[in-house]
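**Q** Here it is, the structure in full.
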Amino acid sequence: MTEPRHAAPDEEQPQVVVNDRRRIDPETGEVRPPAHVAEDSAPVEEPLVAEVVDEVAAELKTQLDERTADLQRLTAEYANYRKRVERDREAVINNAKASVASELLSVLDDIERAAAHGDLTGAFKAVADKLVSTLAKTGLEPFAHDGEAFDPSVHEAVQHSTSPDVDGPTVTAVLRRGYTFGDKLVRPALVAVTDHEPAAAAPSEEA
């Protein structure tokens, strides 16, 4: 039988190398770099790093500008939407008020006729004054009076005459008061209109 060979005391023993391939360092708990990355790898050149940083910064600025423009556009659109909704709401309210006021115009005509005949007295006058004041506060305004220029857009002529005492078409009598509500014409005024008529030439005296 062959006995195992023992190395001589002076003979050099082969060195055993153990490669630790664990990704986590058991002593520090940190992740180890990949084995194929050399520790003495050359660092990235600074000009290249600066160029990459500039490109990224430029891209981020572009995106920020685009988002800012989008936000500004949305803000402007929302502001316009709110204004439009507010205008529509006010128009609906004003139209409703004008509709109610127009239903009371005949009552105002009766009050005006009663006042002209001296019948607007006592408690009836107090109620009439309160009604007229309330309608005026809502925006209902009467118009048309004697001596003002005739305006076909708000006056409706039902009588016509001529006179040398006027310079042009003039309202000489108001037969029914007109009313406006804000900028809206609720009812035109019925008026008598007098046009200018040149005075007749004086007859010449005979010699």
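Note on naming: chains are A, B, ... as they come in the structure tokens, residues start from 1 per chain, ligands start from 1 in the order shown.
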Identify all residues of segment 20-200 of chain A in alpha helix (DSSP H) (DSSP on the backbone) and supply them as a PyMOL selection string.
**A** chain A and resi 46-103+105-116+122-138
**Q** From segment 75-172 of chain A, collect each residue whose DSSP state is strand (DSSP E or B) and return the set as a PyMOL selection string.
**A** chain A and resi 140-143+149+155-163+170-172
**Q** Between atom CA of Asp195 of chain A and atom CA of His145 of chain A, what is the distance in Å, rounded to a tenth?
**A**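 Taking atom CA of Asp195 of chain A as the start and atom CA of His145 of chain A as the end point, the length is 16.2 Å.
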**Q** Find the spatial neighbours of Ala144 of chain A, counting only C-alpha atoms, within a cut-off of 10 Å - ignore same-chain residues fewer than 3 positions away - and output them as an mmCIF file with C-alpha atoms, in the first residue's frame.
**A**
data_model
loop_
_atom_site.group_PDB
_atom_site.id
_atom_site.type_symbol
_atom_site.label_atom_id
_atom_site.label_comp_id
_atom_site.auth_asym_id
_atom_site.auth_seq_id
_atom_site.Cartn_x
_atom_site.Cartn_y
_atom_site.Cartn_z
ATOM 1 C CA GLY A 147 -89.300 120.068 -25.692
ATOM 2 C CA GLU A 148 -86.745 117.282 -26.205
ATOM 3 C CA ALA A 149 -85.555 116.299 -29.686
ATOM 4 C CA PHE A 150 -87.518 113.546 -31.356
ATOM 5 C CA ASP A 151 -85.605 110.237 -31.437
ATOM 6 C CA VAL A 154 -87.137 105.547 -28.415
ATOM 7 C CA HIS A 155 -90.091 107.726 -29.460
ATOM 8 C CA VAL A 171 -91.541 116.360 -28.875
ATOM 9 C CA ALA A 173 -96.596 116.405 -26.063
ATOM 10 C CA VAL A 174 -96.076 113.095 -24.256
ATOM 11 C CA LEU A 175 -99.127 110.892 -24.625
ATOM 12 C CA ARG A 176 -97.627 107.870 -22.878
ATOM 13 C CA ARG A 177 -94.408 107.730 -20.882
ATOM 14 C CA GLY A 178 -91.590 105.517 -22.131
ATOM 15 C CA TYR A 179 -89.459 103.307 -19.887
ATOM 16 C CA PRO A 188 -91.135 103.440 -26.383
ATOM 17 C CA ALA A 189 -92.845 106.711 -25.557
ATOM 18 C CA LEU A 190 -95.916 107.798 -27.492
ATOM 19 C CA VAL A 191 -95.444 111.453 -28.437
#
**Q** Compile the contact shell of Leu120 of chain A as a ChimeraX atom specification: residues with an atom at most 12 Å away, counting only C-alpha atoms, same-chain residues fewer than 6 positions apart removed.
**A** /A:110-114,126-129
**Q** Choose the residue, out of A:Val158, A:Val186, A:Ala98, A:Val107, that has the smallest atom-to-atom separation from Pro142 of chain A; count only C-alpha atoms.
**A**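 That would be A:Val186, the residue with the smallest distance to Pro142 of chain A.
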